[in-house]
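Asks: I have a structure here, written as structure tokens, and I will follow up with some questions on it.
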Amino acid sequence: MLHKPAGFVSTRKDPHARDTVFDLIPQKYHRLFNIGRLDAQTEGLLLLTNDGELAQRLTHPRHKIDKEYAVTLDHPWDPALAPKLVRGIFLDGQRAKIEKIHSVSPTHLRVVLRQGINRQIHRMFEVVGYRLKHLLRLRIGNLRLADLPRGHWRVLTARDFSRLGAAR
């Protein structure tokens, strides 16, 4: 479990010599792969594993695993736009949907996804006239980022695996 900071890419090696999430973890974990991705400027919870079955269960939309994000917008949110995002917007020939959207303050929202189209949240909000100032993944399933500091990692516990619905 890694709290990915902005500016790091979710890949093993980058052709543009940018910092990668693997620069943040010990060498002995470099054979792991990330479950899903976060774009370079998105922060938050990223899981790394060598368990392909777990990765498939957490990322494939048919398993309906929630991924929750804190979204900061460039101007106050118009709640009348929420139904459009929940119904879905076509991106790359697919219907991109937000499962849940909750206003925390005029420019801060909580959003839940069950799919992972490239830069989905950014692109969906752009379609309805917003730019994201900040995006942070808070949760995958019942596993929360909680107070793990930015740039730090920890090994998952048996309790964490049970939160993910995985036996260990």
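By order in the structure tokens, chains are A, B, ...; within a chain, residues start at 1; ligands start at 1, following the order shown.
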At a cut-off of 10 Å, can you tabulate as JSON lines every residue of stretch 123-166 of chain A near stretch 88-112 of chain A together with its closest atom pair and the distance in Å to one decimal, using only C-alpha atoms and ordering rows by chain then number?
Replies:
```
{"residue": "A:Arg123", "atom": "CA", "partner": "A:Leu91", "partner_atom": "CA", "distance": 8.1}
{"residue": "A:Met124", "atom": "CA", "partner": "A:Ile89", "partner_atom": "CA", "distance": 6.9}
{"residue": "A:Phe125", "atom": "CA", "partner": "A:Ile89", "partner_atom": "CA", "distance": 10.0}
{"residue": "A:Val127", "atom": "CA", "partner": "A:Ile89", "partner_atom": "CA", "distance": 8.2}
{"residue": "A:Val128", "atom": "CA", "partner": "A:Ile89", "partner_atom": "CA", "distance": 9.7}
{"residue": "A:Leu132", "atom": "CA", "partner": "A:Thr107", "partner_atom": "CA", "distance": 9.6}
{"residue": "A:Lys133", "atom": "CA", "partner": "A:Thr107", "partner_atom": "CA", "distance": 9.5}
{"residue": "A:His134", "atom": "CA", "partner": "A:His108", "partner_atom": "CA", "distance": 9.4}
{"residue": "A:Leu135", "atom": "CA", "partner": "A:Leu109", "partner_atom": "CA", "distance": 9.9}
{"residue": "A:Leu136", "atom": "CA", "partner": "A:Arg110", "partner_atom": "CA", "distance": 9.7}
{"residue": "A:Arg137", "atom": "CA", "partner": "A:Val111", "partner_atom": "CA", "distance": 9.4}
{"residue": "A:Leu138", "atom": "CA", "partner": "A:Arg110", "partner_atom": "CA", "distance": 9.3}
{"residue": "A:Arg139", "atom": "CA", "partner": "A:Val112", "partner_atom": "CA", "distance": 9.1}
{"residue": "A:Ile140", "atom": "CA", "partner": "A:Val112", "partner_atom": "CA", "distance": 9.6}
```
Asks: Could you write out the selected residues, including C-alpha atoms, as a PDB file, in the first residue's frame?
Replies:
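Everything below was put into again-v9.pdb:
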```
ATOM      1  CA  ARG A 123     -12.205  14.134 -18.416  1.00  0.00           C
ATOM      2  CA  MET A 124     -15.764  13.740 -17.132  1.00  0.00           C
ATOM      3  CA  PHE A 125     -15.610  16.988 -15.181  1.00  0.00           C
ATOM      4  CA  VAL A 127     -17.097  17.741 -20.273  1.00  0.00           C
ATOM      5  CA  VAL A 128     -19.419  19.537 -17.802  1.00  0.00           C
ATOM      6  CA  LEU A 132      -9.733  19.633 -11.317  1.00  0.00           C
ATOM      7  CA  LYS A 133      -7.306  21.441  -9.052  1.00  0.00           C
ATOM      8  CA  HIS A 134      -6.564  18.306  -7.016  1.00  0.00           C
ATOM      9  CA  LEU A 135      -7.500  14.621  -7.079  1.00  0.00           C
ATOM     10  CA  LEU A 136      -6.797  12.146  -4.268  1.00  0.00           C
ATOM     11  CA  ARG A 137      -7.785   8.447  -4.147  1.00  0.00           C
ATOM     12  CA  LEU A 138      -8.949   7.761  -0.605  1.00  0.00           C
ATOM     13  CA  ARG A 139     -10.219   4.202  -0.775  1.00  0.00           C
ATOM     14  CA  ILE A 140     -10.297   0.954  -2.752  1.00  0.00           C
TER      15      ILE A 140
END
```
Asks: Any idea what's packed within 10 Å of A:Lys64, counting only C-alpha atoms, ignoring anything in its chain fewer than 6 positions away? Could you give it as a list of chain:residue names?
Replies: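 Using only C-alpha atoms, the neighbours found are A:Arg57, A:Leu58, A:Glu99, A:Leu113, A:Arg114, A:Gln115, A:Gly141.
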Asks: Export, as a CSV table (one decimal), in the first residue's frame, the selected residues with C-alpha atoms.
Replies:
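Written out: out-v2.csv:
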```
chain,number,residue,atom,x,y,z
A,57,ARG,CA,-10.8,-8.8,-8.7
A,58,LEU,CA,-10.0,-5.2,-7.7
A,99,GLU,CA,-21.4,5.7,-9.2
A,113,LEU,CA,-16.0,5.0,-9.4
A,114,ARG,CA,-16.3,1.3,-10.3
A,115,GLN,CA,-14.4,1.5,-13.6
A,141,GLY,CA,-13.1,-1.3,-1.6
```
Asks: Rank nothing, just name the residue among A:Trp77, A:Asp23, A:Glu68, A:Leu45 nearest to A:Leu148, using only C-alpha atoms.
Replies: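 Between A:Trp77, A:Asp23, A:Glu68, A:Leu45, the residue approaching A:Leu148 most closely is A:Leu45.
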Asks: Would you mind writing down, as number ranges by chain, each residue of chain A that DSSP on the backbone assigns to alpha helix (DSSP H)?
Replies: A: 52-59, 82-87, 120-127, 158-163
Asks: Output N, CA and C atoms for every residue in the selection just made, as a short mmCIF file (atom, residue, chain, number, x, y, z; two decimals), in the first residue's frame.
Replies:
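Printed below is again_10.cif as written:
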```cif
data_model
loop_
_atom_site.label_atom_id
_atom_site.label_comp_id
_atom_site.auth_asym_id
_atom_site.auth_seq_id
_atom_site.Cartn_x
_atom_site.Cartn_y
_atom_site.Cartn_z
N GLY A 52 -2.02 -11.82 -9.31
CA GLY A 52 -2.82 -11.45 -10.47
C GLY A 52 -4.31 -11.59 -10.24
N GLU A 53 -4.71 -12.61 -9.47
CA GLU A 53 -6.13 -12.81 -9.19
C GLU A 53 -6.70 -11.65 -8.37
N LEU A 54 -5.95 -11.21 -7.37
CA LEU A 54 -6.38 -10.07 -6.56
C LEU A 54 -6.47 -8.81 -7.43
N ALA A 55 -5.48 -8.60 -8.27
CA ALA A 55 -5.48 -7.43 -9.15
C ALA A 55 -6.70 -7.44 -10.05
N GLN A 56 -7.01 -8.58 -10.63
CA GLN A 56 -8.17 -8.71 -11.52
C GLN A 56 -9.46 -8.41 -10.75
N ARG A 57 -9.58 -8.95 -9.54
CA ARG A 57 -10.79 -8.76 -8.74
C ARG A 57 -11.00 -7.30 -8.35
N LEU A 58 -9.90 -6.60 -8.11
CA LEU A 58 -10.02 -5.20 -7.67
C LEU A 58 -10.18 -4.22 -8.83
N THR A 59 -9.79 -4.62 -10.04
CA THR A 59 -9.83 -3.66 -11.15
C THR A 59 -10.93 -3.91 -12.16
N ALA A 82 -24.88 16.60 -11.49
CA ALA A 82 -24.59 15.25 -10.97
C ALA A 82 -25.30 14.14 -11.75
N PRO A 83 -26.59 14.28 -12.08
CA PRO A 83 -27.25 13.18 -12.82
C PRO A 83 -26.57 12.85 -14.15
N LYS A 84 -26.03 13.85 -14.82
CA LYS A 84 -25.34 13.60 -16.10
C LYS A 84 -24.12 12.72 -15.88
N LEU A 85 -23.36 12.98 -14.80
CA LEU A 85 -22.17 12.19 -14.52
C LEU A 85 -22.53 10.78 -14.05
N VAL A 86 -23.64 10.66 -13.35
CA VAL A 86 -24.08 9.35 -12.87
C VAL A 86 -24.65 8.51 -14.03
N ARG A 87 -25.39 9.14 -14.93
CA ARG A 87 -25.90 8.44 -16.12
C ARG A 87 -24.75 8.00 -17.01
N GLN A 120 -10.32 9.36 -16.19
CA GLN A 120 -11.78 9.40 -16.22
C GLN A 120 -12.38 10.58 -15.47
N ILE A 121 -11.99 10.79 -14.25
CA ILE A 121 -12.60 11.87 -13.45
C ILE A 121 -12.27 13.22 -14.05
N HIS A 122 -11.02 13.44 -14.39
CA HIS A 122 -10.62 14.70 -15.03
C HIS A 122 -11.47 14.96 -16.27
N ARG A 123 -11.53 13.97 -17.14
CA ARG A 123 -12.21 14.13 -18.42
C ARG A 123 -13.71 14.32 -18.26
N MET A 124 -14.32 13.60 -17.33
CA MET A 124 -15.76 13.74 -17.13
C MET A 124 -16.11 15.14 -16.64
N PHE A 125 -15.33 15.65 -15.69
CA PHE A 125 -15.61 16.99 -15.18
C PHE A 125 -15.33 18.06 -16.24
N GLU A 126 -14.34 17.84 -17.09
CA GLU A 126 -14.09 18.79 -18.19
C GLU A 126 -15.29 18.89 -19.12
N VAL A 127 -15.93 17.75 -19.40
CA VAL A 127 -17.10 17.74 -20.27
C VAL A 127 -18.21 18.64 -19.71
N ALA A 158 -3.12 -8.81 7.55
CA ALA A 158 -4.21 -9.78 7.34
C ALA A 158 -5.55 -9.05 7.42
N ARG A 159 -5.66 -8.07 8.30
CA ARG A 159 -6.90 -7.31 8.42
C ARG A 159 -7.18 -6.51 7.14
N ASP A 160 -6.12 -5.93 6.55
CA ASP A 160 -6.28 -5.21 5.28
C ASP A 160 -6.81 -6.14 4.20
N PHE A 161 -6.23 -7.37 4.13
CA PHE A 161 -6.68 -8.32 3.12
C PHE A 161 -8.15 -8.69 3.34
N SER A 162 -8.55 -8.81 4.61
CA SER A 162 -9.95 -9.15 4.85
C SER A 162 -10.85 -7.98 4.44
N ARG A 163 -10.37 -6.74 4.60
CA ARG A 163 -11.13 -5.58 4.13
C ARG A 163 -11.31 -5.59 2.60
#
```
Asks: If you run DSSP on the backbone here, which positions in chain A get strand (DSSP E)? Please write them as a PyMOL selection string.
Replies: chain A and resi 2-4+33-35+43-49+67-73+89-91+94-96+100-105+108-113+132-140+143-144
Asks: Please report the interatomic distance between atom CA of A:Pro5 and atom CA of A:Arg131 in Å with one decimal.
Replies: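 Value for the atom CA of A:Pro5-atom CA of A:Arg131 distance: 19.5 Å.
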Asks: Which is closer to A:Ile25 than all the others in A:Tyr130, A:Phe8, A:Tyr69, A:Trp153, using only C-alpha atoms?
Replies: A:Trp153
Asks: Counting only C-alpha atoms, which of A:Asn34, A:Asn118, A:Leu143, A:Met1 gets nearest to A:Ile65?
Replies: A:Leu143
Asks: Which is closest to A:Arg119 among A:Leu81, A:Leu164, A:Ala40, A:Leu145, if we use only C-alpha atoms?
Replies: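 Counting only C-alpha atoms, the residue closest to A:Arg119 is A:Ala40.
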Asks: Could you state the separation of atom CA of A:Pro149 and atom CA of A:His63 in Å, given to one decimal place?
Replies: 28.9 Å
Asks: Have a look at A:Val155, A:Phe22, A:Gly129, A:Ser10 and name the one nearest to A:Asp78; count only C-alpha atoms.
Replies: A:Gly129
